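Colleague: Contents of structure11.txt (compact mmCIF, C-alpha atoms (C1' of nucleotides)) are given next:
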# COMPACT_ATOMS: atom_id res chain seq x y z
CA MET A 1 131.13 123.38 87.74
CA TYR A 2 129.50 125.87 85.42
CA GLU A 3 130.65 123.82 82.48
CA LEU A 4 128.46 120.98 83.68
CA LEU A 5 125.46 123.27 83.73
CA ARG A 6 126.37 124.54 80.30
CA ALA A 7 126.62 121.06 78.84
CA TYR A 8 123.33 120.13 80.48
CA LEU A 9 121.62 123.22 79.08
CA ASN A 10 122.82 122.43 75.58
CA LYS A 11 121.73 118.84 75.88
CA ILE A 12 118.27 119.45 77.23
CA THR A 13 117.38 122.27 74.84
CA SER A 14 119.12 120.67 71.84
CA SER A 15 120.92 123.95 71.28
CA THR A 16 124.31 125.54 71.72
CA VAL A 17 124.29 128.38 74.17
CA SER A 18 126.50 131.32 73.22
CA ASP A 19 129.19 132.64 75.55
CA GLU A 20 127.25 135.83 75.76
CA GLU A 21 124.00 134.21 76.84
CA PHE A 22 125.71 131.86 79.24
CA GLN A 23 127.23 134.79 81.12
CA PHE A 24 123.75 135.49 82.43
CA PHE A 25 123.67 131.99 83.88
CA GLU A 26 127.02 132.52 85.55
CA ALA A 27 125.71 135.73 87.07
CA ALA A 28 122.51 134.06 88.32
CA TYR A 29 123.97 130.90 89.84
CA SER A 30 126.49 130.61 92.62
CA GLU A 31 128.32 127.59 93.96
CA LYS A 32 127.25 125.93 97.16
CA LYS A 33 128.49 122.85 98.95
CA VAL A 34 126.25 120.75 101.16
CA LYS A 35 127.79 117.96 103.18
CA LYS A 36 126.22 114.56 103.72
CA LYS A 37 123.34 114.64 106.20
CA GLN A 38 123.08 118.41 105.97
CA PHE A 39 120.00 120.13 104.68
CA LEU A 40 119.34 122.43 101.76
CA LEU A 41 115.81 123.00 103.04
CA HIS A 42 114.06 122.40 106.35
CA GLU A 43 110.34 121.86 106.77
CA GLY A 44 108.67 125.09 107.81
CA SER A 45 111.15 127.42 106.22
CA ILE A 46 111.01 129.04 102.81
CA CYS A 47 112.89 127.38 100.00
CA ARG A 48 115.32 130.03 98.87
CA TYR A 49 117.22 128.04 96.28
CA MET A 50 116.68 126.25 93.05
CA ALA A 51 119.65 123.92 93.00
CA PHE A 52 121.37 122.11 90.15
CA ILE A 53 123.28 119.07 91.37
CA ALA A 54 126.76 119.10 89.84
CA LYS A 55 127.90 116.27 92.09
CA GLY A 56 126.29 114.19 94.82
CA ALA A 57 122.91 112.82 95.78
CA MET A 58 119.93 114.26 97.65
CA ARG A 59 116.45 113.38 98.74
CA GLN A 60 113.31 115.46 99.26
CA TYR A 61 110.83 114.17 101.82
CA THR A 62 107.96 114.98 104.17
CA ILE A 63 107.16 113.64 107.61
CA ASP A 64 103.52 112.75 108.24
CA ASP A 65 101.43 112.95 111.42
CA LYS A 66 102.60 109.53 112.52
CA GLY A 67 106.23 110.50 112.14
CA VAL A 68 106.76 108.42 109.02
CA GLU A 69 108.98 109.82 106.27
CA HIS A 70 107.73 109.90 102.69
CA ILE A 71 110.22 110.47 99.94
CA ALA A 72 108.90 112.75 97.22
CA ARG A 73 111.97 112.56 95.02
CA PHE A 74 115.58 111.65 94.72
CA GLY A 75 118.17 113.75 92.95
CA ILE A 76 121.63 112.98 91.60
CA GLU A 77 123.96 114.65 89.10
CA GLU A 78 122.14 116.84 86.56
CA TRP A 79 118.89 116.97 88.53
CA TRP A 80 117.22 119.99 90.02
CA MET A 81 116.21 120.21 93.65
CA SER A 82 113.75 122.67 95.11
CA ASP A 83 110.29 122.94 96.54
CA ARG A 84 108.89 124.87 93.69
CA GLU A 85 105.73 125.93 95.46
CA SER A 86 107.66 127.43 98.34
CA PHE A 87 110.35 128.82 96.06
CA THR A 88 108.05 130.80 93.80
CA SER A 89 105.32 131.80 96.21
CA LEU A 90 107.61 132.33 99.23
CA THR A 91 105.46 130.20 101.50
CA PRO A 92 106.83 127.84 104.18
CA SER A 93 107.67 124.43 102.80
CA ARG A 94 106.46 121.10 104.09
CA TYR A 95 109.50 119.36 102.62
CA ASN A 96 113.02 118.64 103.77
CA ILE A 97 115.86 118.41 101.27
CA GLU A 98 118.82 116.50 102.61
CA ALA A 99 122.20 115.56 101.14
CA ILE A 100 122.76 111.80 101.06
CA GLU A 101 126.31 112.31 99.83
CA ASP A 102 128.51 115.42 99.87
CA CYS A 103 127.07 117.66 97.18
CA ASP A 104 128.35 120.36 94.86
CA LEU A 105 125.45 122.55 93.82
CA LEU A 106 124.77 125.54 91.64
CA VAL A 107 122.03 127.55 93.30
CA ALA A 108 119.97 130.57 92.32
CA THR A 109 117.39 132.60 94.20
CA ASN A 110 113.98 133.43 92.83
CA GLU A 111 114.93 137.03 92.08
CA LYS A 112 117.93 135.94 90.06
CA LEU A 113 115.80 133.56 88.04
CA ILE A 114 113.17 136.19 87.31
CA LEU A 115 115.97 138.30 85.87
CA LEU A 116 117.47 135.37 84.00
CA ARG A 117 114.10 134.61 82.46
CA GLU A 118 114.17 138.04 80.85
CA GLN A 119 117.76 137.77 79.76
CA SER A 120 117.85 134.27 78.34
CA PRO A 121 115.34 132.69 75.95
CA LEU A 122 117.15 129.38 76.39
CA PHE A 123 116.48 129.48 80.11
CA VAL A 124 112.79 129.88 79.42
CA LYS A 125 112.92 127.04 76.93
CA MET A 126 114.66 124.84 79.46
CA GLY A 127 111.97 125.65 82.02
CA VAL A 128 109.19 124.55 79.72
CA ILE A 129 110.97 121.33 78.85
CA LEU A 130 111.70 120.54 82.49
CA ASP A 131 108.10 121.19 83.53
CA GLU A 132 106.90 118.81 80.93
CA LYS A 133 109.41 116.12 81.82
CA SER A 134 108.63 116.31 85.50
CA TYR A 135 104.91 116.20 84.84
CA ILE A 136 105.25 113.10 82.68
CA ALA A 137 107.57 111.47 85.21
CA SER A 138 105.17 112.06 88.07
CA GLN A 139 102.25 110.67 86.07
CA LYS A 140 104.30 107.55 85.40
CA ARG A 141 105.30 107.20 89.01
CA LEU A 142 101.67 107.55 90.04
CA ASP A 143 100.76 104.77 87.67
CA VAL A 144 103.45 102.53 89.10
CA THR A 145 102.50 103.29 92.66
CA ILE A 146 98.80 102.69 92.16
CA SER A 147 98.84 99.62 90.02
CA TYR A 148 102.01 97.64 90.58
CA THR A 149 102.62 94.92 93.14
CA ALA A 150 105.69 95.12 95.38
CA GLU A 151 107.65 92.90 93.02
CA GLU A 152 106.65 94.89 89.95
CA LYS A 153 107.63 98.12 91.68
CA VAL A 154 111.09 96.82 92.46
CA ILE A 155 111.57 95.54 88.92
CA TYR A 156 110.43 98.91 87.60
CA MET A 157 112.96 100.62 89.82
CA MET A 158 115.80 98.35 88.79
CA GLU A 159 115.06 98.83 85.12
CA ASN A 160 114.32 102.54 85.12
CA HIS A 161 116.41 103.96 87.93
CA PRO A 162 119.34 101.59 88.51
CA GLN A 163 121.45 104.58 89.59
CA PHE A 164 119.12 105.09 92.53
CA MET A 165 119.32 101.45 93.59
CA GLN A 166 123.07 101.76 93.94
CA ARG A 167 123.31 105.09 95.67
CA PHE A 168 120.45 105.25 98.15
CA PRO A 169 119.96 103.04 101.20
CA GLN A 170 117.30 100.35 100.99
CA SER A 171 115.13 101.99 103.59
CA MET A 172 114.85 105.11 101.47
CA LEU A 173 114.21 103.18 98.29
CA ALA A 174 111.44 101.36 100.14
CA SER A 175 109.89 104.63 101.23
CA TYR A 176 110.13 105.97 97.69
CA LEU A 177 108.22 102.96 96.40
CA GLY A 178 105.67 102.96 99.19
CA LEU A 179 106.90 99.71 100.71
CA THR A 180 108.39 98.75 104.06
CA PRO A 181 112.13 98.04 104.14
CA GLU A 182 111.34 94.44 105.08
CA THR A 183 109.20 93.91 102.01
CA LEU A 184 111.82 95.43 99.75
CA SER A 185 114.46 93.17 101.25
CA ARG A 186 112.33 90.08 100.71
CA VAL A 187 111.42 90.97 97.14
CA ARG A 188 115.06 91.58 96.26
CA LYS A 189 115.99 88.19 97.64
CA GLN A 190 113.29 86.47 95.61
CA LEU A 191 114.37 88.26 92.43
CA LEU A 192 118.04 87.35 92.93
CA GLN A 193 117.13 83.68 93.23
CA LYS A 194 115.60 83.71 89.75
CA MET B 1 81.00 129.80 76.64
CA TYR B 2 83.92 132.12 76.05
CA GLU B 3 82.81 134.17 79.02
CA LEU B 4 83.49 131.21 81.25
CA LEU B 5 87.02 130.99 79.94
CA ARG B 6 87.43 134.70 80.39
CA ALA B 7 86.29 134.62 84.00
CA TYR B 8 88.56 131.67 84.63
CA LEU B 9 91.52 133.45 83.10
CA ASN B 10 90.95 136.49 85.27
CA LYS B 11 90.57 134.38 88.36
CA ILE B 12 93.62 132.22 87.89
CA THR B 13 95.97 135.03 86.90
CA SER B 14 94.49 137.54 89.37
CA SER B 15 94.18 140.01 86.53
CA THR B 16 91.59 141.55 84.26
CA VAL B 17 92.08 140.62 80.66
CA SER B 18 91.36 143.42 78.19
CA ASP B 19 88.86 143.00 75.35
CA GLU B 20 91.74 143.40 72.98
CA GLU B 21 93.84 140.64 74.48
CA PHE B 22 90.89 138.31 74.90
CA GLN B 23 90.17 138.48 71.20
CA PHE B 24 93.26 136.38 70.68
CA PHE B 25 91.75 133.72 72.91
CA GLU B 26 88.53 133.78 70.92
CA ALA B 27 90.52 133.31 67.76
CA ALA B 28 92.52 130.42 69.20
CA TYR B 29 89.73 128.41 70.80
CA SER B 30 86.71 126.90 69.13
CA GLU B 31 83.66 125.25 70.62
CA LYS B 32 83.30 121.49 70.62
CA LYS B 33 80.67 119.22 72.07
CA VAL B 34 81.40 115.68 73.18
CA LYS B 35 78.55 113.42 74.20
CA LYS B 36 78.59 111.04 77.10
CA LYS B 37 80.70 107.92 76.42
CA GLN B 38 82.34 109.55 73.43
CA PHE B 39 86.07 110.18 73.27
CA LEU B 40 88.15 113.31 72.90
CA LEU B 41 91.27 111.16 72.54
CA HIS B 42 91.88 107.51 71.74
CA GLU B 43 94.96 105.58 72.77
CA GLY B 44 97.42 105.40 69.89
CA SER B 45 96.38 108.59 68.20
CA ILE B 46 97.88 112.05 68.58
CA CYS B 47 96.19 114.41 71.00
CA ARG B 48 95.21 117.32 68.81
CA TYR B 49 93.35 119.38 71.40
CA MET B 50 93.93 121.16 74.63
CA ALA B 51 90.39 121.35 75.98
CA PHE B 52 88.83 123.64 78.57
CA ILE B 53 85.74 122.09 80.11
CA ALA B 54 82.95 124.68 80.13
CA LYS B 55 80.40 122.07 81.14
CA GLY B 56 80.47 118.36 81.85
CA ALA B 57 82.81 115.73 83.25
CA MET B 58 85.60 113.65 81.72
CA ARG B 59 88.20 111.11 82.62
CA GLN B 60 91.66 110.35 81.29
CA TYR B 61 92.88 106.78 81.59
CA THR B 62 95.24 104.09 80.35
CA ILE B 63 94.71 100.37 79.91
CA ASP B 64 97.56 98.15 81.11
CA ASP B 65 98.83 94.82 79.77
CA LYS B 66 96.31 92.92 81.84
CA GLY B 67 93.42 94.97 80.48
CA VAL B 68 92.88 96.94 83.68
CA GLU B 69 91.98 100.61 83.41
CA HIS B 70 93.95 103.17 85.40
CA ILE B 71 92.52 106.64 85.77
CA ALA B 72 95.16 109.32 85.48
CA ARG B 73 92.81 112.22 86.11
CA PHE B 74 89.27 113.44 86.28
CA GLY B 75 88.09 116.74 84.85
CA ILE B 76 85.00 118.83 85.46
CA GLU B 77 84.04 122.46 84.81
CA GLU B 78 87.05 124.78 84.64
CA TRP B 79 89.58 121.99 84.24
CA TRP B 80 91.86 121.35 81.29
CA MET B 81 92.02 118.03 79.51
CA SER B 82 94.81 116.90 77.22
CA ASP B 83 97.73 114.55 77.00
CA ARG B 84 100.35 117.19 77.11
CA GLU B 85 103.19 114.98 76.00
CA SER B 86 101.32 113.88 72.89
CA PHE B 87 99.91 117.35 72.29
CA THR B 88 103.21 119.20 72.25
CA SER B 89 105.50 116.57 70.77
CA LEU B 90 102.94 115.12 68.34
CA THR B 91 103.60 111.56 69.44
CA PRO B 92 100.91 108.86 69.77
CA SER B 93 99.22 108.94 73.15
CA ARG B 94 98.82 106.06 75.56
CA TYR B 95 95.77 107.72 77.10
CA ASN B 96 92.06 107.76 76.42
CA ILE B 97 89.97 110.81 77.26
CA GLU B 98 86.28 110.00 77.59
CA ALA B 99 83.23 112.10 78.40
CA ILE B 100 81.38 110.86 81.49
CA GLU B 101 78.62 113.40 80.92
CA ASP B 102 77.73 115.45 77.84
CA CYS B 103 80.48 118.06 77.60
CA ASP B 104 80.83 121.57 76.23
CA LEU B 105 84.46 122.25 75.51
CA LEU B 106 86.65 125.03 74.22
CA VAL B 107 89.49 123.46 72.28
CA ALA B 108 92.66 124.73 70.68
CA THR B 109 95.30 123.03 68.58
CA ASN B 110 99.01 123.26 69.29
CA GLU B 111 99.61 125.68 66.42
CA LYS B 112 96.97 128.04 67.72
CA LEU B 113 98.51 127.97 71.17
CA ILE B 114 101.99 128.68 69.86
CA LEU B 115 100.53 131.76 68.24
CA LEU B 116 98.55 132.71 71.31
CA ARG B 117 101.69 132.44 73.41
CA GLU B 118 103.22 135.20 71.32
CA GLN B 119 100.11 137.33 71.35
CA SER B 120 99.08 137.15 74.97
CA PRO B 121 101.33 137.57 78.01
CA LEU B 122 98.39 136.53 80.18
CA PHE B 123 98.20 133.21 78.39
CA VAL B 124 101.84 132.60 79.16
CA LYS B 125 101.26 133.58 82.77
CA MET B 126 98.31 131.22 82.99
CA GLY B 127 100.45 128.42 81.58
CA VAL B 128 103.11 128.86 84.25
CA ILE B 129 100.53 128.93 87.02
CA LEU B 130 98.77 125.84 85.71
CA ASP B 131 102.01 123.92 85.38
CA GLU B 132 102.82 124.69 88.94
CA LYS B 133 99.38 123.77 90.22
CA SER B 134 99.32 120.49 88.38
CA TYR B 135 102.80 119.65 89.60
CA ILE B 136 101.84 120.31 93.19
CA ALA B 137 98.61 118.37 92.82
CA SER B 138 100.36 115.34 91.39
CA GLN B 139 102.93 115.39 94.19
CA LYS B 140 100.12 115.43 96.71
CA ARG B 141 98.27 112.63 94.98
CA LEU B 142 101.44 110.58 94.93
CA ASP B 143 101.79 111.11 98.65
CA VAL B 144 98.22 109.98 99.25
CA THR B 145 98.58 106.96 97.01
CA ILE B 146 101.83 105.77 98.52
CA SER B 147 101.20 106.32 102.16
CA TYR B 148 97.48 106.21 102.92
CA THR B 149 95.40 103.17 103.80
CA ALA B 150 92.19 102.50 101.88
CA GLU B 151 90.15 104.30 104.53
CA GLU B 152 92.46 107.31 104.58
CA LYS B 153 92.34 107.53 100.82
CA VAL B 154 88.55 107.63 100.80
CA ILE B 155 88.46 110.26 103.54
CA TYR B 156 90.98 112.32 101.62
CA MET B 157 88.80 112.09 98.54
CA MET B 158 85.64 113.07 100.37
CA GLU B 159 87.32 116.06 101.97
CA ASN B 160 89.31 117.31 99.02
CA HIS B 161 87.28 116.31 95.97
CA PRO B 162 83.66 115.93 97.06
CA GLN B 163 82.56 117.01 93.58
CA PHE B 164 84.20 113.92 92.16
CA MET B 165 82.46 111.63 94.66
CA GLN B 166 79.12 112.86 93.43
CA ARG B 167 79.71 112.84 89.73
CA PHE B 168 81.78 109.79 88.94
CA PRO B 169 80.73 106.16 89.37
CA GLN B 170 82.21 104.25 92.28
CA SER B 171 84.19 101.95 90.06
CA MET B 172 86.04 104.88 88.54
CA LEU B 173 86.65 106.52 91.88
CA ALA B 174 88.10 103.21 93.06
CA SER B 175 90.42 103.05 90.07
CA TYR B 176 91.49 106.64 90.67
CA LEU B 177 92.44 105.79 94.24
CA GLY B 178 94.12 102.52 93.36
CA LEU B 179 91.47 100.39 95.07
CA THR B 180 89.02 97.75 93.90
CA PRO B 181 85.35 98.75 93.71
CA GLU B 182 84.59 96.21 96.45
CA THR B 183 87.06 97.76 98.85
CA LEU B 184 85.75 101.25 98.16
CA SER B 185 82.21 100.07 98.79
CA ARG B 186 83.17 98.47 102.11
CA VAL B 187 85.13 101.47 103.31
CA ARG B 188 82.25 103.80 102.48
CA LYS B 189 79.88 101.61 104.46
CA GLN B 190 82.17 101.63 107.48
CA LEU B 191 82.56 105.39 107.35
CA LEU B 192 78.80 105.95 107.14
CA GLN B 193 78.26 103.87 110.26
CA LYS B 194 80.47 106.21 112.28
C1' DC C 1 137.45 97.63 118.11
C1' DG C 2 133.01 99.03 119.90
C1' DA C 3 128.77 101.37 118.97
C1' DT C 4 125.36 102.61 116.07
C1' DT C 5 122.69 102.12 112.15
C1' DC C 6 120.93 99.45 108.39
C1' DT C 7 119.47 95.06 106.55
C1' DT C 8 117.80 90.52 106.83
C1' DT C 9 114.92 86.84 108.58
C1' DG C 10 110.93 84.67 110.92
C1' DA C 11 106.19 84.26 112.55
C1' DA C 12 101.75 86.20 113.18
C1' DA C 13 98.29 89.56 112.08
C1' DA C 14 96.02 92.89 109.26
C1' DC C 15 94.67 94.46 105.10
C1' DA C 16 93.08 94.56 100.54
C1' DG C 17 92.09 91.62 96.54
C1' DT C 18 89.54 87.94 94.17
C1' DC C 19 85.64 85.37 92.94
C1' DA C 20 80.87 84.60 92.99
C1' DA C 21 76.21 85.69 94.17
C1' DT C 22 72.74 89.03 95.16
C1' DC C 23 70.78 93.43 95.12
C1' DT C 24 69.75 98.03 93.16
C1' DG C 25 68.70 101.33 90.00
C1' DT C 26 68.31 102.96 85.29
C1' DG C 27 66.99 102.92 80.79
C1' DT C 28 64.78 100.56 76.88
C1' DG C 29 61.60 98.18 74.12
C1' DG C 30 57.31 95.90 73.92
C1' DC D 1 53.45 102.26 81.56
C1' DC D 2 55.19 98.04 82.82
C1' DA D 3 58.55 94.46 82.53
C1' DC D 4 62.74 93.15 81.39
C1' DA D 5 67.62 93.57 80.72
C1' DC D 6 71.81 95.44 81.87
C1' DA D 7 75.32 97.74 84.25
C1' DG D 8 76.88 99.16 88.62
C1' DA D 9 77.05 98.47 93.58
C1' DT D 10 76.95 95.60 97.58
C1' DT D 11 77.80 91.57 100.39
C1' DG D 12 80.04 87.23 101.88
C1' DA D 13 83.69 83.83 102.11
C1' DC D 14 88.19 82.96 101.04
C1' DT D 15 92.96 83.81 99.49
C1' DG D 16 97.18 86.07 99.11
C1' DT D 17 100.14 89.82 99.79
C1' DT D 18 102.13 93.14 102.64
C1' DT D 19 102.77 94.95 107.21
C1' DT D 20 104.00 94.59 111.89
C1' DC D 21 106.77 93.25 115.61
C1' DA D 22 110.83 91.17 117.32
C1' DA D 23 115.34 89.41 117.00
C1' DA D 24 119.57 88.34 114.81
C1' DG D 25 123.05 89.46 111.46
C1' DA D 26 125.90 92.70 108.59
C1' DA D 27 127.91 96.96 107.52
C1' DT D 28 129.61 101.51 108.59
C1' DC D 29 131.84 105.07 111.22
C1' DG D 30 134.35 107.21 114.63
Do you think you could lay out the structure here as structure tokens?

Modeller:
Amino acid sequence: MYELLRAYLNKITSSTVSDEEFQFFEAAYSEKKVKKKQFLLHEGSICRYMAFIAKGAMRQYTIDDKGVEHIARFGIEEWWMSDRESFTSLTPSRYNIEAIEDCDLLVATNEKLILLREQSPLFVKMGVILDEKSYIASQKRLDVTISYTAEEKVIYMMENHPQFMQRFPQSMLASYLGLTPETLSRVRKQLLQK
Amino acid sequence: MYELLRAYLNKITSSTVSDEEFQFFEAAYSEKKVKKKQFLLHEGSICRYMAFIAKGAMRQYTIDDKGVEHIARFGIEEWWMSDRESFTSLTPSRYNIEAIEDCDLLVATNEKLILLREQSPLFVKMGVILDEKSYIASQKRLDVTISYTAEEKVIYMMENHPQFMQRFPQSMLASYLGLTPETLSRVRKQLLQK
DNA sequence: CGATTCTTTGAAAACAGTCAATCTGTGTGG
DNA sequence: CCACACAGATTGACTGTTTTCAAAGAATCG
């Protein structure tokens, strides 16, 4: 499991982490399994873990006043899951993080990461790169959400996140795109006929 | 002008920056004025500056295939403007950054900031805090955009960004919210009648 | 196999968008 | 300083897309 993290670290930082430096990662992260339909985080509690998905699929979502779920993000292999606000500032989270499939995770607490940040320059580098990637991704998603029609959203999803289309139920994909499940179903049908 | 940045730095990091450390900031940032309707960044060119708005108002936007403008963000006093992707990776930007009012800016190039990052721990701290804030803000905006009706969006805007409502033209506010100017106008009228 | 959950389909209603005309306010040049 | 021009905002009528509600069909799980 740690080898997956190691390979990911090398890939994302375009470096080769030494055995010595990677030992700090092994000390910081521990293995955790979360079964399908179980939660890594519940709304109202503090997010204790920053989790690296070695295997499986998860979703992070809120529930609004009307009881409607809104999916903030999906995660699959090689993605990170956490409510960063809650994680770093130790405040109660408004998000739920749920396993959609059985998951193998590598998790670290905030204290461990503070230590790791001092021990490993590559960890710091990874953090900067990830921040930037997630910022760019959320800008793009905002753009899509604001300006695309239902059909354009679905096409965008199929082209840019085909993995998601296969692994998450339609109703969740619809919520992610800001559509109703019925609309998503109809748009898919139309697109298949072309 | 530098005093504004200094006060901001103290506020955001909950610290008091020493004269010594702040000298590095003064060396890194230089003053720049941008007049109303002029651009800090044009689509297709590389974003050379990370700008702190000391005075004025700006917007950052893209133009899509159909020629429609989409506003990614607004900025007023004490906000930062830049296309971070272009700025750090020196790639051509797809954004425009335009002054909506005459602006007084403090700008730094990427090289200067790399240096500043080594000189000033407070600058690094500020960077982490800003990343987090902007990430949280964009998650929230995504939520609003996906799940709110036109009326809810306008109410959200009035409650959370009243400064924007006053300083930016309706058409731009509409674009920011993913509405047409007509719809924004109608919703405002309805709300005033209540 | 039965029960539950998810997806699809249909019809009607609500919502926001489009197009076009009018109104308002601001700034500019005569 | 006034009058005109221009851009932005409002209003109305209409259109089209998406949602809502309800029911039937398919898939999944114990």

Colleague: Just the residues within 10 Å of Tyr29 of chain B, please, counting only C-alpha atoms (C1' of nucleotides), with nothing from its chain fewer than 5 positions along; format it as a list in words.

Modeller: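 The neighbour list is Tyr2, Leu5, Phe24, Tyr49, Met50, Ala51, Phe52, Leu105, Leu106, Val107, Ala108, Thr109, Lys112, Leu113 and Leu116 of chain B.
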
Colleague: Those residues with C-alpha atoms, as a compact mmCIF listing (two decimals), in the frame of the given file please?

Modeller:
# COMPACT_ATOMS: atom_id res chain seq x y z
CA TYR B 2 83.92 132.12 76.05
CA LEU B 5 87.02 130.99 79.94
CA PHE B 24 93.26 136.38 70.68
CA TYR B 49 93.35 119.38 71.40
CA MET B 50 93.93 121.16 74.63
CA ALA B 51 90.39 121.35 75.98
CA PHE B 52 88.83 123.64 78.57
CA LEU B 105 84.46 122.25 75.51
CA LEU B 106 86.65 125.03 74.22
CA VAL B 107 89.49 123.46 72.28
CA ALA B 108 92.66 124.73 70.68
CA THR B 109 95.30 123.03 68.58
CA LYS B 112 96.97 128.04 67.72
CA LEU B 113 98.51 127.97 71.17
CA LEU B 116 98.55 132.71 71.31

Colleague: Using all atoms listed in the file for the distances, tell me which of A:Leu90, A:Ala27, A:Leu191, A:Ile129 is nearest to chain B.

Modeller: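 Going through A:Leu90, A:Ala27, A:Leu191, A:Ile129 one by one, the smallest distance to chain B is for A:Ile129.
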
Colleague: Could you list, as a list in words, every residue within 7 Å of segment 58-68 of chain B, counting all atoms listed in the file and ignoring same-chain residues fewer than 4 positions away?

Modeller: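 Contacts, in chain order: Ala72, Arg73, Phe74, Gly75, Ile76, Arg94, Tyr95, Asn96, Ile97, Glu98, Ala99 and Ile100 of chain B.
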
Colleague: Just give me the gap between atom CA of Ile71 of chain A and atom CA of Met172 of chain A in Å, one decimal is fine.

Modeller: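 A separation of 7.2 Å between them.
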
Colleague: Pull out every residue of chain A sitting within 12 Å of chain B, counting only C-alpha atoms, and send them as a JSON list (two decimals) with C-alpha atoms, keeping the file's coordinate frame.

Modeller:
[["chain", "number", "residue", "atom", "x", "y", "z"],
["A", 60, "GLN", "CA", 113.31, 115.46, 99.26],
["A", 61, "TYR", "CA", 110.83, 114.17, 101.82],
["A", 62, "THR", "CA", 107.96, 114.98, 104.17],
["A", 63, "ILE", "CA", 107.16, 113.64, 107.61],
["A", 64, "ASP", "CA", 103.52, 112.75, 108.24],
["A", 65, "ASP", "CA", 101.43, 112.95, 111.42],
["A", 66, "LYS", "CA", 102.60, 109.53, 112.52],
["A", 67, "GLY", "CA", 106.23, 110.50, 112.14],
["A", 68, "VAL", "CA", 106.76, 108.42, 109.02],
["A", 69, "GLU", "CA", 108.98, 109.82, 106.27],
["A", 70, "HIS", "CA", 107.73, 109.90, 102.69],
["A", 71, "ILE", "CA", 110.22, 110.47, 99.94],
["A", 72, "ALA", "CA", 108.90, 112.75, 97.22],
["A", 73, "ARG", "CA", 111.97, 112.56, 95.02],
["A", 83, "ASP", "CA", 110.29, 122.94, 96.54],
["A", 84, "ARG", "CA", 108.89, 124.87, 93.69],
["A", 85, "GLU", "CA", 105.73, 125.93, 95.46],
["A", 86, "SER", "CA", 107.66, 127.43, 98.34],
["A", 87, "PHE", "CA", 110.35, 128.82, 96.06],
["A", 88, "THR", "CA", 108.05, 130.80, 93.80],
["A", 89, "SER", "CA", 105.32, 131.80, 96.21],
["A", 93, "SER", "CA", 107.67, 124.43, 102.80],
["A", 94, "ARG", "CA", 106.46, 121.10, 104.09],
["A", 95, "TYR", "CA", 109.50, 119.36, 102.62],
["A", 124, "VAL", "CA", 112.79, 129.88, 79.42],
["A", 127, "GLY", "CA", 111.97, 125.65, 82.02],
["A", 128, "VAL", "CA", 109.19, 124.55, 79.72],
["A", 129, "ILE", "CA", 110.97, 121.33, 78.85],
["A", 130, "LEU", "CA", 111.70, 120.54, 82.49],
["A", 131, "ASP", "CA", 108.10, 121.19, 83.53],
["A", 132, "GLU", "CA", 106.90, 118.81, 80.93],
["A", 133, "LYS", "CA", 109.41, 116.12, 81.82],
["A", 134, "SER", "CA", 108.63, 116.31, 85.50],
["A", 135, "TYR", "CA", 104.91, 116.20, 84.84],
["A", 136, "ILE", "CA", 105.25, 113.10, 82.68],
["A", 137, "ALA", "CA", 107.57, 111.47, 85.21],
["A", 138, "SER", "CA", 105.17, 112.06, 88.07],
["A", 139, "GLN", "CA", 102.25, 110.67, 86.07],
["A", 140, "LYS", "CA", 104.30, 107.55, 85.40],
["A", 141, "ARG", "CA", 105.30, 107.20, 89.01],
["A", 142, "LEU", "CA", 101.67, 107.55, 90.04],
["A", 143, "ASP", "CA", 100.76, 104.77, 87.67],
["A", 144, "VAL", "CA", 103.45, 102.53, 89.10],
["A", 145, "THR", "CA", 102.50, 103.29, 92.66],
["A", 146, "ILE", "CA", 98.80, 102.69, 92.16],
["A", 147, "SER", "CA", 98.84, 99.62, 90.02],
["A", 148, "TYR", "CA", 102.01, 97.64, 90.58],
["A", 149, "THR", "CA", 102.62, 94.92, 93.14],
["A", 150, "ALA", "CA", 105.69, 95.12, 95.38],
["A", 153, "LYS", "CA", 107.63, 98.12, 91.68],
["A", 174, "ALA", "CA", 111.44, 101.36, 100.14],
["A", 175, "SER", "CA", 109.89, 104.63, 101.23],
["A", 176, "TYR", "CA", 110.13, 105.97, 97.69],
["A", 177, "LEU", "CA", 108.22, 102.96, 96.40],
["A", 178, "GLY", "CA", 105.67, 102.96, 99.19],
["A", 179, "LEU", "CA", 106.90, 99.71, 100.71],
["A", 180, "THR", "CA", 108.39, 98.75, 104.06]]

Colleague: With 9 Å as the cut-off and all atoms listed in the file counted, what is the closest atom pair between each nearby residue of chain D and chain A? Distances in Å to one decimal, ordered by chain and number, as JSON lines.

Modeller:
{"residue": "D:DT17", "atom": "C1'", "partner": "A:Thr149", "partner_atom": "CA", "distance": 8.7}
{"residue": "D:DT18", "atom": "C1'", "partner": "A:Thr183", "partner_atom": "CA", "distance": 7.1}
{"residue": "D:DT19", "atom": "C1'", "partner": "A:Thr180", "partner_atom": "CA", "distance": 7.5}

Colleague: Would you mind reading off the distance between atom CA of Gln163 of chain A and atom CA of His42 of chain A, one decimal, in Å?

Modeller: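 Separation between atom CA of Gln163 of chain A and atom CA of His42 of chain A: 25.6 Å.
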
Colleague: Per residue of chain A within 8 Å of chain C, what are the shortest atom pair and its distance in Å to one decimal, counting all atoms listed in the file, with rows by chain and residue number, as a tab-separated table?

Modeller:
residue	atom	partner	partner_atom	distance
A:Gln170	CA	C:DT7	C1'	8.0
A:Ser171	CA	C:DC6	C1'	7.9
A:Glu182	CA	C:DT8	C1'	7.8
A:Ser185	CA	C:DT8	C1'	7.0

Colleague: Go through B:Leu184, B:Ile12, B:Leu40, B:Leu192 one by one, measure the shortest atom-to-atom distance of each to DA9 of chain D using all atoms listed in the file, and give the residue with the smallest value.

Modeller: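 Residue with the minimum atom-to-atom distance to DA9 of chain D: B:Leu184.
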